[in-house]
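Content type CSV, C-alpha atoms, from the file start_19.csv:
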```csv
chain,number,residue,atom,x,y,z
A,24,MET,CA,25.0,-18.3,93.8
A,25,THR,CA,27.3,-20.9,92.2
A,26,ASN,CA,26.6,-21.1,88.5
A,27,THR,CA,28.0,-23.3,85.8
A,28,PRO,CA,30.6,-21.1,84.0
A,29,ILE,CA,29.4,-20.5,80.5
A,30,THR,CA,31.5,-18.4,78.1
A,31,SER,CA,30.5,-18.7,74.4
A,32,GLN,CA,27.4,-17.2,72.8
A,33,ASN,CA,26.3,-20.6,71.7
A,34,HIS,CA,26.4,-21.8,75.3
A,35,LEU,CA,24.4,-18.7,76.4
A,36,THR,CA,21.8,-19.6,73.9
A,37,ARG,CA,21.7,-23.3,74.9
A,38,ARG,CA,21.2,-22.4,78.6
A,39,ARG,CA,17.9,-20.7,77.9
A,40,LEU,CA,15.8,-23.8,77.1
A,41,VAL,CA,15.1,-25.6,80.4
A,42,GLY,CA,13.3,-28.8,81.3
A,43,ALA,CA,11.0,-29.3,78.3
A,44,ALA,CA,13.9,-28.8,75.9
A,45,LEU,CA,17.1,-28.1,77.9
A,46,ALA,CA,18.6,-28.0,81.3
A,47,ALA,CA,19.7,-24.5,82.4
A,48,GLY,CA,18.8,-20.9,81.7
A,49,ALA,CA,17.9,-17.4,82.8
A,50,ALA,CA,15.1,-16.7,85.3
A,51,LEU,CA,11.6,-15.7,84.1
A,52,PRO,CA,10.8,-12.1,85.1
A,53,ILE,CA,7.4,-13.1,86.5
A,54,GLY,CA,8.1,-13.0,90.3
A,55,VAL,CA,8.4,-15.6,92.9
A,56,ALA,CA,5.2,-17.5,92.3
A,57,ARG,CA,1.8,-17.1,90.7
A,58,GLN,CA,-1.2,-19.1,90.0
A,59,ALA,CA,-0.9,-21.2,86.9
A,60,SER,CA,-3.2,-19.5,84.3
A,61,ALA,CA,-4.8,-20.6,81.1
A,62,ALA,CA,-3.2,-19.4,77.8
A,63,PRO,CA,-4.3,-19.7,74.2
A,64,VAL,CA,-2.9,-22.5,72.2
A,65,THR,CA,-2.1,-22.7,68.6
A,66,GLU,CA,-4.4,-24.8,66.4
A,67,ASN,CA,-1.8,-27.4,65.8
A,68,PRO,CA,1.0,-27.3,68.5
A,69,VAL,CA,3.8,-29.8,68.1
A,70,ARG,CA,3.4,-32.8,70.3
A,71,LEU,CA,7.0,-33.5,71.4
A,72,THR,CA,8.0,-37.2,71.9
A,73,LEU,CA,10.5,-39.1,74.0
A,74,PRO,CA,12.1,-42.5,73.1
A,75,ALA,CA,10.6,-45.5,74.7
A,76,PRO,CA,12.5,-47.2,77.5
A,77,THR,CA,14.0,-50.7,76.8
A,78,GLY,CA,13.4,-52.4,80.2
A,79,PRO,CA,11.3,-55.4,80.7
A,80,TYR,CA,8.9,-53.7,83.1
A,81,PRO,CA,6.2,-51.1,82.6
A,82,VAL,CA,6.9,-47.8,84.4
A,83,GLY,CA,4.8,-46.1,87.0
A,84,THR,CA,5.2,-42.6,88.5
A,85,VAL,CA,3.7,-40.4,91.2
A,86,GLN,CA,4.4,-36.8,92.3
A,87,LEU,CA,5.2,-35.9,95.9
A,88,HIS,CA,4.9,-32.5,97.6
A,89,LEU,CA,7.6,-32.5,100.3
A,90,VAL,CA,8.0,-29.9,103.1
A,91,ASP,CA,11.1,-29.8,105.3
A,92,PRO,CA,10.0,-28.5,108.7
A,93,SER,CA,13.6,-27.9,109.7
A,94,ARG,CA,14.3,-25.2,107.1
A,95,PRO,CA,12.4,-21.9,106.8
A,96,ASP,CA,11.4,-20.9,103.3
A,97,PRO,CA,13.8,-18.1,102.2
A,98,VAL,CA,11.1,-16.3,100.2
A,99,ALA,CA,7.6,-17.1,101.3
A,100,GLY,CA,7.8,-15.4,104.7
A,101,PRO,CA,7.4,-16.3,108.4
A,102,GLY,CA,5.8,-19.7,109.2
A,103,ARG,CA,6.6,-21.2,105.8
A,104,HIS,CA,9.1,-24.0,105.3
A,105,ARG,CA,11.2,-25.3,102.4
A,106,GLU,CA,8.9,-26.9,99.9
A,107,LEU,CA,10.0,-29.3,97.1
A,108,MET,CA,8.2,-31.1,94.3
A,109,ALA,CA,9.5,-34.6,93.6
A,110,SER,CA,8.5,-37.6,91.5
A,111,VAL,CA,9.0,-41.2,92.1
A,112,TRP,CA,9.4,-43.6,89.1
A,113,TYR,CA,9.3,-47.3,89.5
A,114,PRO,CA,8.5,-50.7,87.8
A,115,ALA,CA,4.7,-51.1,87.7
A,116,ARG,CA,2.1,-53.8,87.3
A,117,ASN,CA,-1.4,-53.5,85.7
A,118,ALA,CA,0.0,-50.3,84.2
A,119,GLY,CA,-2.3,-50.2,81.2
A,120,ARG,CA,-5.2,-49.0,83.3
A,121,TYR,CA,-3.5,-45.8,84.3
A,122,PRO,CA,-2.8,-42.7,82.1
A,123,LEU,CA,0.6,-41.7,80.9
A,124,ALA,CA,2.1,-38.8,82.8
A,125,PRO,CA,3.1,-35.7,80.8
A,126,TYR,CA,6.7,-34.6,80.9
A,127,ALA,CA,5.7,-31.3,82.5
A,128,SER,CA,2.4,-29.6,83.3
A,129,PRO,CA,0.9,-27.2,80.7
A,130,ALA,CA,1.8,-24.2,82.9
A,131,VAL,CA,5.4,-25.3,83.3
A,132,THR,CA,5.7,-26.1,79.6
A,133,ARG,CA,4.5,-22.7,78.6
A,134,ALA,CA,6.9,-21.0,81.0
A,135,LEU,CA,9.8,-23.0,79.8
A,136,LEU,CA,9.1,-22.3,76.1
A,137,ALA,CA,8.5,-18.6,76.7
A,138,ASN,CA,11.7,-18.4,78.7
A,139,ALA,CA,13.6,-19.9,75.8
A,140,GLY,CA,12.3,-17.4,73.3
A,141,PHE,CA,9.9,-19.8,71.7
A,142,PRO,CA,6.2,-19.1,71.3
A,143,ALA,CA,4.7,-20.4,74.6
A,144,ASP,CA,2.1,-22.4,72.7
A,145,ILE,CA,4.4,-23.8,70.0
A,146,ALA,CA,4.5,-27.3,71.6
A,147,VAL,CA,2.8,-29.7,73.9
A,148,ALA,CA,5.0,-31.5,76.5
A,149,PRO,CA,5.7,-35.1,75.5
A,150,LEU,CA,4.0,-38.0,77.2
A,151,THR,CA,6.4,-40.1,79.3
A,152,ALA,CA,6.4,-43.9,79.7
A,153,GLY,CA,5.3,-43.5,83.3
A,154,HIS,CA,1.7,-44.5,84.2
A,155,GLU,CA,0.4,-42.1,86.8
A,156,GLY,CA,-0.4,-44.0,90.1
A,157,ALA,CA,0.1,-47.5,88.7
A,158,PRO,CA,0.7,-50.2,91.4
A,159,VAL,CA,4.3,-51.0,92.2
A,160,LEU,CA,6.0,-54.1,90.9
A,161,ARG,CA,8.8,-55.6,93.0
A,162,PRO,CA,10.4,-58.1,90.6
A,163,ASP,CA,13.3,-59.0,93.0
A,164,GLY,CA,12.3,-57.8,96.4
A,165,ARG,CA,12.8,-54.2,97.6
A,166,LEU,CA,13.8,-51.8,94.9
A,167,PRO,CA,17.2,-50.1,94.7
A,168,VAL,CA,16.9,-46.3,94.7
A,169,VAL,CA,18.5,-43.7,92.5
A,170,VAL,CA,18.0,-39.9,93.3
A,171,PHE,CA,18.4,-37.2,90.6
A,172,SER,CA,19.5,-33.6,91.0
A,173,HIS,CA,19.0,-31.2,88.1
A,174,GLY,CA,21.2,-28.3,86.8
A,175,ALA,CA,21.0,-24.6,87.5
A,176,HIS,CA,17.7,-22.9,86.5
A,177,ASP,CA,16.2,-26.3,85.5
A,178,HIS,CA,13.5,-28.8,86.1
A,179,ARG,CA,13.4,-32.3,87.5
A,180,ALA,CA,12.2,-33.8,84.2
A,181,ASP,CA,15.3,-33.0,82.1
A,182,THR,CA,16.7,-36.6,82.2
A,183,THR,CA,13.4,-38.4,81.8
A,184,ASN,CA,15.0,-40.7,79.2
A,185,VAL,CA,17.5,-41.9,81.8
A,186,VAL,CA,15.0,-42.0,84.6
A,187,GLN,CA,12.3,-44.1,82.9
A,188,GLU,CA,15.1,-46.5,81.6
A,189,LEU,CA,16.2,-47.1,85.1
A,190,ALA,CA,12.6,-47.6,86.4
A,191,GLY,CA,11.9,-50.0,83.6
A,192,HIS,CA,14.8,-52.1,84.7
A,193,GLY,CA,13.6,-52.4,88.3
A,194,TYR,CA,14.8,-49.2,90.0
A,195,ALA,CA,12.9,-46.6,92.0
A,196,VAL,CA,14.1,-43.2,90.9
A,197,VAL,CA,13.4,-40.0,92.8
A,198,THR,CA,13.6,-36.7,90.9
A,199,VAL,CA,13.5,-33.4,92.6
A,200,ASP,CA,12.8,-29.7,91.7
A,201,HIS,CA,15.2,-27.4,93.7
A,202,THR,CA,12.6,-24.6,94.4
A,203,TYR,CA,13.7,-21.1,93.4
A,204,ASP,CA,16.3,-22.6,91.0
A,205,ALA,CA,13.6,-24.6,89.1
A,206,PHE,CA,10.5,-24.3,87.1
A,207,SER,CA,8.0,-26.1,89.3
A,208,GLU,CA,4.2,-26.3,89.9
A,209,PHE,CA,2.8,-27.1,93.4
A,210,PRO,CA,-0.5,-28.9,94.0
A,211,ASP,CA,-2.3,-25.6,94.7
A,212,GLY,CA,-1.3,-24.2,91.3
A,213,ARG,CA,1.6,-22.1,92.4
A,214,LEU,CA,4.2,-21.8,89.6
A,215,THR,CA,7.7,-21.1,91.0
A,216,VAL,CA,10.5,-20.1,88.7
A,217,PRO,CA,14.3,-19.6,89.0
A,218,LEU,CA,15.3,-16.5,91.0
A,219,ASP,CA,18.6,-14.7,91.4
A,220,THR,CA,17.6,-14.1,95.1
A,221,PRO,CA,17.9,-16.3,97.0
A,222,GLY,CA,21.0,-17.6,95.1
A,223,LEU,CA,21.1,-21.3,95.4
A,224,GLY,CA,24.4,-23.1,95.0
A,225,ALA,CA,25.3,-26.8,94.9
A,226,PRO,CA,25.5,-26.9,98.7
A,227,ASP,CA,21.9,-25.8,98.9
A,228,PHE,CA,21.0,-28.5,96.3
A,229,ALA,CA,22.8,-31.1,98.5
A,230,THR,CA,20.9,-30.0,101.6
A,231,ASP,CA,17.6,-30.6,99.6
A,232,ILE,CA,18.8,-34.1,98.7
A,233,VAL,CA,19.8,-35.0,102.2
A,234,PHE,CA,16.2,-34.2,103.2
A,235,VAL,CA,14.9,-36.2,100.2
A,236,LEU,CA,17.0,-39.2,101.5
A,237,ASP,CA,15.1,-38.9,104.8
A,238,CYS,CA,11.8,-39.0,102.7
A,239,VAL,CA,13.1,-42.2,101.0
A,240,GLU,CA,13.7,-43.7,104.4
A,241,ASN,CA,10.1,-42.8,105.4
A,242,LEU,CA,8.7,-44.5,102.3
A,243,ALA,CA,10.9,-47.5,103.0
A,244,ALA,CA,9.5,-47.6,106.5
A,245,GLY,CA,5.9,-47.4,105.3
A,246,ARG,CA,5.3,-43.7,106.1
A,247,ASN,CA,3.9,-41.3,103.5
A,248,PRO,CA,6.1,-38.2,103.2
A,249,ASP,CA,3.6,-36.2,101.1
A,250,ALA,CA,2.8,-33.0,102.8
A,251,GLY,CA,-0.9,-33.4,101.9
A,252,GLN,CA,-1.0,-37.1,102.6
A,253,ARG,CA,-2.3,-37.7,99.1
A,254,PRO,CA,-2.8,-41.4,98.4
A,255,LEU,CA,0.3,-43.3,97.1
A,256,PRO,CA,0.3,-46.0,94.5
A,257,ALA,CA,-0.5,-49.5,95.8
A,258,GLY,CA,2.7,-51.2,97.0
A,259,LEU,CA,4.9,-48.1,97.2
A,260,LEU,CA,5.1,-48.0,101.0
A,261,GLY,CA,7.8,-50.4,102.1
A,262,ALA,CA,9.0,-51.0,98.5
A,263,LEU,CA,12.2,-49.0,98.5
A,264,ASP,CA,15.6,-50.4,99.8
A,265,PRO,CA,17.4,-47.7,101.8
A,266,SER,CA,20.5,-49.8,101.9
A,267,ARG,CA,21.0,-49.5,98.1
A,268,ILE,CA,20.8,-45.8,97.2
A,269,GLY,CA,22.7,-44.2,94.3
A,270,MET,CA,22.6,-40.6,93.0
A,271,PHE,CA,23.3,-38.8,89.7
A,272,GLY,CA,23.1,-35.2,88.6
A,273,TRP,CA,23.6,-32.9,85.7
A,274,SER,CA,25.9,-29.8,85.9
A,275,LYS,CA,25.2,-28.2,89.3
A,276,GLY,CA,23.3,-31.3,90.3
A,277,ALA,CA,26.4,-33.4,89.5
A,278,THR,CA,28.4,-31.2,91.9
A,279,ALA,CA,25.6,-31.6,94.5
A,280,THR,CA,26.0,-35.4,94.1
A,281,THR,CA,29.6,-35.2,95.2
A,282,LEU,CA,28.7,-33.0,98.1
A,283,VAL,CA,26.0,-35.3,99.3
A,284,MET,CA,28.3,-38.3,99.1
A,285,SER,CA,30.9,-36.4,101.1
A,286,GLN,CA,28.5,-35.9,104.0
A,287,ASP,CA,25.9,-38.7,103.8
A,288,ARG,CA,27.0,-42.3,103.5
A,289,ARG,CA,23.5,-43.4,102.5
A,290,VAL,CA,24.5,-42.7,98.9
A,291,ARG,CA,26.6,-45.7,97.9
A,292,ALA,CA,27.4,-44.7,94.3
A,293,GLY,CA,27.5,-41.4,92.3
A,294,LEU,CA,27.3,-40.4,88.7
A,295,SER,CA,28.1,-37.0,87.1
A,296,PHE,CA,26.7,-35.7,83.9
A,297,ASP,CA,29.3,-33.1,83.0
A,298,GLY,CA,29.5,-31.5,86.4
A,299,PRO,CA,31.8,-28.4,86.9
A,300,MET,CA,32.5,-29.5,90.5
A,301,GLN,CA,32.3,-26.0,91.9
A,302,PRO,CA,32.7,-25.6,94.8
A,303,ALA,CA,35.4,-28.2,94.8
A,304,VAL,CA,35.1,-31.3,96.9
A,305,THR,CA,37.7,-31.1,99.7
A,306,THR,CA,37.4,-34.6,101.1
A,307,ASP,CA,38.2,-38.0,99.7
A,308,LEU,CA,35.3,-40.2,98.4
A,309,ASP,CA,35.7,-43.9,98.9
A,310,ARG,CA,32.6,-45.1,97.0
A,311,PRO,CA,32.2,-45.7,93.3
A,312,PHE,CA,32.0,-42.6,91.2
A,313,MET,CA,31.6,-42.2,87.4
A,314,LEU,CA,32.2,-39.1,85.3
A,315,MET,CA,30.4,-38.7,81.9
A,316,THR,CA,32.1,-35.6,80.7
A,317,ALA,CA,31.7,-33.3,77.7
A,318,GLU,CA,32.8,-29.7,78.2
A,319,PHE,CA,33.8,-29.8,81.9
A,320,THR,CA,36.7,-32.2,81.4
A,321,ARG,CA,39.5,-32.9,83.8
A,322,ALA,CA,41.9,-31.2,81.3
A,323,ALA,CA,39.8,-28.1,81.0
A,324,GLN,CA,38.4,-27.8,84.5
A,325,PRO,CA,40.8,-27.9,87.5
A,326,SER,CA,38.0,-28.6,89.9
A,327,VAL,CA,37.0,-31.7,88.0
A,328,ALA,CA,40.7,-32.9,88.0
A,329,GLU,CA,40.7,-32.2,91.8
A,330,LEU,CA,37.6,-34.4,92.3
A,331,TRP,CA,39.2,-37.2,90.2
A,332,SER,CA,42.3,-37.1,92.4
A,333,ARG,CA,40.1,-37.5,95.5
A,334,LEU,CA,38.2,-40.6,94.3
A,335,ARG,CA,39.6,-43.4,96.3
A,336,GLY,CA,37.1,-46.1,95.3
A,337,TRP,CA,36.1,-47.5,91.9
A,338,ARG,CA,36.2,-44.7,89.3
A,339,LEU,CA,35.6,-44.2,85.6
A,340,ASN,CA,35.6,-41.3,83.2
A,341,VAL,CA,33.9,-41.7,79.8
A,342,GLN,CA,33.2,-39.1,77.2
A,343,ALA,CA,31.1,-39.2,74.0
A,344,GLU,CA,32.6,-37.7,70.9
A,345,GLY,CA,30.6,-34.7,69.7
A,346,ALA,CA,28.9,-34.3,73.1
A,347,ILE,CA,28.4,-30.8,74.6
A,348,HIS,CA,27.3,-29.8,78.1
A,349,SER,CA,23.7,-30.9,77.7
A,350,SER,CA,24.2,-34.0,75.6
A,351,TYR,CA,23.4,-36.4,78.4
A,352,CYS,CA,20.0,-34.8,78.9
A,353,ASP,CA,16.7,-34.9,77.0
A,354,VAL,CA,17.8,-31.9,75.0
A,355,GLN,CA,19.3,-34.2,72.4
A,356,VAL,CA,15.9,-35.5,71.3
A,357,LEU,CA,13.6,-32.5,72.2
A,358,ILE,CA,15.5,-29.7,70.6
A,359,PRO,CA,15.6,-31.2,67.1
A,360,GLN,CA,11.8,-31.5,67.2
A,361,LEU,CA,11.5,-27.8,68.2
A,362,ALA,CA,14.0,-26.9,65.5
A,363,ARG,CA,11.8,-28.4,62.8
A,364,ALA,CA,8.8,-26.5,64.2
A,365,VAL,CA,10.5,-23.1,64.0
A,366,GLY,CA,12.7,-23.7,61.0
A,367,MET,CA,16.0,-23.5,62.9
A,368,SER,CA,19.1,-23.7,60.8
A,369,ASP,CA,21.4,-26.7,61.0
A,370,ALA,CA,24.2,-24.5,62.3
A,371,ASP,CA,21.9,-23.2,65.1
A,372,LEU,CA,20.8,-26.7,65.9
A,373,GLN,CA,24.3,-27.9,66.2
A,374,GLY,CA,24.9,-25.1,68.7
A,375,TRP,CA,22.2,-26.6,70.9
A,376,ILE,CA,23.1,-30.3,70.6
A,377,GLY,CA,26.6,-30.5,69.3
A,378,THR,CA,27.5,-33.1,66.7
A,379,LEU,CA,26.6,-36.2,68.7
A,380,ASP,CA,23.7,-37.9,66.8
A,381,PRO,CA,20.5,-37.7,68.9
A,382,ALA,CA,19.7,-41.4,68.4
A,383,ARG,CA,23.1,-42.4,69.6
A,384,ALA,CA,22.9,-40.0,72.5
A,385,VAL,CA,19.7,-41.8,73.6
A,386,ARG,CA,21.4,-45.2,73.6
A,387,ILE,CA,24.4,-43.8,75.5
A,388,GLN,CA,22.0,-42.3,78.1
A,389,GLN,CA,20.1,-45.5,78.5
A,390,ALA,CA,23.1,-47.9,78.6
A,391,TYR,CA,25.8,-46.3,80.7
A,392,PRO,CA,23.9,-45.1,83.8
A,393,LEU,CA,22.1,-48.4,83.9
A,394,ALA,CA,25.3,-50.4,83.7
A,395,PHE,CA,26.9,-48.2,86.5
A,396,PHE,CA,24.1,-48.6,88.9
A,397,ASP,CA,23.6,-52.3,88.1
A,398,GLN,CA,27.3,-52.9,88.9
A,399,HIS,CA,27.4,-50.9,92.1
A,400,LEU,CA,23.9,-51.2,93.6
A,401,ARG,CA,23.1,-54.7,92.4
A,402,HIS,CA,26.7,-56.0,92.2
A,403,ARG,CA,26.2,-57.3,88.7
A,404,GLY,CA,29.4,-57.0,86.8
A,405,GLN,CA,29.2,-55.0,83.6
A,406,ARG,CA,31.5,-55.5,80.6
A,407,LEU,CA,30.4,-52.1,79.3
A,408,LEU,CA,32.3,-50.5,82.1
A,409,ASP,CA,35.5,-52.5,81.7
A,410,ARG,CA,36.7,-51.2,78.4
A,411,PRO,CA,35.5,-49.3,75.2
A,412,SER,CA,32.7,-51.2,73.5
A,413,PRO,CA,32.3,-51.7,69.7
A,414,ALA,CA,28.6,-51.1,70.3
A,415,PHE,CA,29.4,-47.5,71.4
A,416,PRO,CA,32.3,-46.3,69.2
A,417,GLU,CA,31.6,-42.7,70.2
A,418,VAL,CA,32.4,-43.4,73.9
A,419,ARG,CA,36.0,-42.9,74.9
A,420,PHE,CA,37.5,-44.1,78.2
A,421,LEU,CA,39.7,-41.4,79.6
A,422,PRO,CA,42.7,-42.7,81.6
```
Just dump the structure as structure tokens.
Amino acid sequence: MTNTPITSQNHLTRRRLVGAALAAGAALPIGVARQASAAPVTENPVRLTLPAPTGPYPVGTVQLHLVDPSRPDPVAGPGRHRELMASVWYPARNAGRYPLAPYASPAVTRALLANAGFPADIAVAPLTAGHEGAPVLRPDGRLPVVVFSHGAHDHRADTTNVVQELAGHGYAVVTVDHTYDAFSEFPDGRLTVPLDTPGLGAPDFATDIVFVLDCVENLAAGRNPDAGQRPLPAGLLGALDPSRIGMFGWSKGATATTLVMSQDRRVRAGLSFDGPMQPAVTTDLDRPFMLMTAEFTRAAQPSVAELWSRLRGWRLNVQAEGAIHSSYCDVQVLIPQLARAVGMSDADLQGWIGTLDPARAVRIQQAYPLAFFDQHLRHRGQRLLDRPSPAFPEVRFLP
């Protein structure tokens, strides 16, 4: 299993809160899968919140249950195949008639919080900006697509701030749970959690994503890839543009992004949120690639420097002052809310989120990925990517 190297005690603490409040952590000792069960809740649990996206379009979302018939399930036994839960986010119309989607299901939220050492009922997952099942809006024809891959022992929701920002600006974004290295709930109520066996590395994540790209092509061609053939939002079939696909990932998912790009030319641009790039990419990449680094810098991580040397197309490395490994994820806004609920000290909170101000982190998360994909999937030049911006004094351009 390829894990992000973590050394300090603060890092080990940060890794424990996954999805609802962070991005990577230790597996729950509750087995491979179980039925999601009811649990008592406190009288006044904290309702976590997320920042609103800034785009001109309402956001819709739908879940997909995907089954890859070419790959046996490594745990479930004979006759079972690799299953993944995914979500599609997109610009929507008539969205007000449809309910807002939660960040994670109650069962997943409880598992995440308990795994992090919090009371399982201390908080309720935030509502997202995504309206469940709302009809698709196509403001400029078919929608460019961005695929997201999460970090180790994680959840597909951990960059929802970025995802709904892209969707509100006209992108279809596909987020994926990498089963057995994710907290995920399937339509029949099975709750799967991260496991040490099988040990999934970045190459396994990349294989999942290549299959997801096939599902994107099915949607683009008017075919429903959902294993149960559940109804899709009106207008989703045929709405995606398979000739304009980008990908981003956090940590292990960022490494997977480079591996997918090295083997599948359908991904035309890639973005890394502090990826360790282990295993190292051994081939040159000739398409646009952007690094948003924090702890896994080119100076500190030889494998990141090796990737940089193999980028033959457009490339950029930016870094936010005060950022730590999880600073480009939703942890920056969710952990402070949990910290208030449990009386966490300022020093412990800084161990979780670094010194980058949460409100500034949100703006960085919203602005830079959007600018990157607008420039390279929509061919709209972005001054934000040309040089340091006075609007973002925290963000340094690394030569």
Neighbour list for Pro114 (chain A) as JSON, numbers by chain, cut-off 9 Å, only C-alpha atoms, skip fewer than 5 positions in-chain: {"A": [79, 80, 81, 82, 83, 84, 158, 159, 160, 161, 162, 166, 189, 190, 191, 192, 193, 194, 195]}
Between CA of Pro95 (chain A) and CA of Ser110 (chain A), distance in Å (one decimal):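 These atoms are spaced 22.3 Å apart.
Considering all atoms listed in the file, the residue among A:Ser332, A:Thr72, A:Ser172, A:Gln324 positioned nearest to Leu357 (chain A) is A:Thr72.
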Tell me, in Å to one decimal, how far CA of Asn247 (chain A) is from CA of Asp264 (chain A).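 Computing it gives 15.3 Å between the two atoms.
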For Asn241 (chain A), the nearest of the candidates A:Leu334, A:Leu259, A:Phe271, A:Pro392, counting all atoms listed in the file: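 Nearest to Asn241 (chain A): A:Leu259.
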Point-to-point distance in Å for CA of Met108 (chain A) and CA of Phe396 (chain A):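 Going from CA of Phe396 (chain A) over to CA of Met108 (chain A), I get 24.3 Å.
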I'd like the contact shell of Val365 (chain A) - 9 Å cut-off, all atoms listed in the file, skipping same-chain residues fewer than 3 positions apart - returned as an mmCIF file with C-alpha atoms, in the coordinates of the input.
```cif
data_model
loop_
_atom_site.group_PDB
_atom_site.id
_atom_site.type_symbol
_atom_site.label_atom_id
_atom_site.label_comp_id
_atom_site.auth_asym_id
_atom_site.auth_seq_id
_atom_site.Cartn_x
_atom_site.Cartn_y
_atom_site.Cartn_z
ATOM 1 C CA PHE A 141 9.900 -19.800 71.700
ATOM 2 C CA ILE A 145 4.400 -23.800 70.000
ATOM 3 C CA LEU A 361 11.500 -27.800 68.200
ATOM 4 C CA ALA A 362 14.000 -26.900 65.500
#
```
For Gly276 (chain A), which residue out of A:Val147, A:Ala382, A:Leu308, A:Leu223 is the nearest one, using all atoms listed in the file?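 Closest residue, counting all atoms listed in the file: A:Leu223.
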Shortest interatomic distance to Ala139 (chain A) - which of A:Thr280, A:Pro325, A:Ile358, A:Glu240, counting all atoms listed in the file: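 Nearest to Ala139 (chain A): A:Ile358.
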Write out, as a Markdown table, each residue of region 232-323 of chain A that has an atom at most 8 Å from region 87-94 of chain A, together with the closest pair of atoms and their distance in Å to one decimal, counting all atoms listed in the file, rows going by chain and rising number.
```
| residue | atom | partner | partner_atom | distance |
| --- | --- | --- | --- | --- |
| A:Phe234 | CA | A:Asp91 | CA | 7.1 |
| A:Pro248 | CA | A:Leu89 | CA | 6.6 |
| A:Asp249 | CA | A:His88 | CA | 5.3 |
| A:Ala250 | CA | A:Leu89 | CA | 5.4 |
| A:Gly251 | CA | A:His88 | CA | 7.3 |
```
Can you pull out the residues contacting Arg406 (chain A)? Cut-off 12 Å, using only C-alpha atoms, and skip same-chain residues under 5 positions away; I want them as a short mmCIF file (atom, residue, chain, number, x, y, z; two decimals) with C-alpha atoms, keeping the file's coordinate frame.
```cif
data_model
loop_
_atom_site.label_atom_id
_atom_site.label_comp_id
_atom_site.auth_asym_id
_atom_site.auth_seq_id
_atom_site.Cartn_x
_atom_site.Cartn_y
_atom_site.Cartn_z
CA ALA A 390 23.10 -47.90 78.60
CA TYR A 391 25.80 -46.30 80.70
CA ALA A 394 25.30 -50.40 83.70
CA PHE A 395 26.90 -48.20 86.50
CA ASP A 397 23.60 -52.30 88.10
CA GLN A 398 27.30 -52.90 88.90
CA PRO A 411 35.50 -49.30 75.20
CA SER A 412 32.70 -51.20 73.50
CA PRO A 413 32.30 -51.70 69.70
CA ALA A 414 28.60 -51.10 70.30
#
```
Which of these, A:Ala384, A:Thr198, A:Pro210, A:Ala75, has the shortest distance to Arg253 (chain A) once you count all atoms listed in the file?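 Under the stated criterion, the closest residue is A:Pro210.
With only C-alpha atoms as the atoms that count, the minimum distance from Arg165 (chain A) to the choices A:Tyr203, A:Phe209, A:Tyr113, A:Phe415 is reached by A:Tyr113.
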Do you know which residues are at most 9 Å from His154 (chain A) counting only C-alpha atoms, after dropping those on the same chain fewer than 3 positions away, and could you put them as a ChimeraX atom specification? /A:81-85,115,118-124,151,157
Name the residues in contact with region 302-304 of chain A at a cut-off of 7 Å, using all atoms listed in the file, excluding same-chain residues fewer than 3 positions from it; report them as a list in words. Thr281, Leu282, Ser326 and Leu330 of chain A
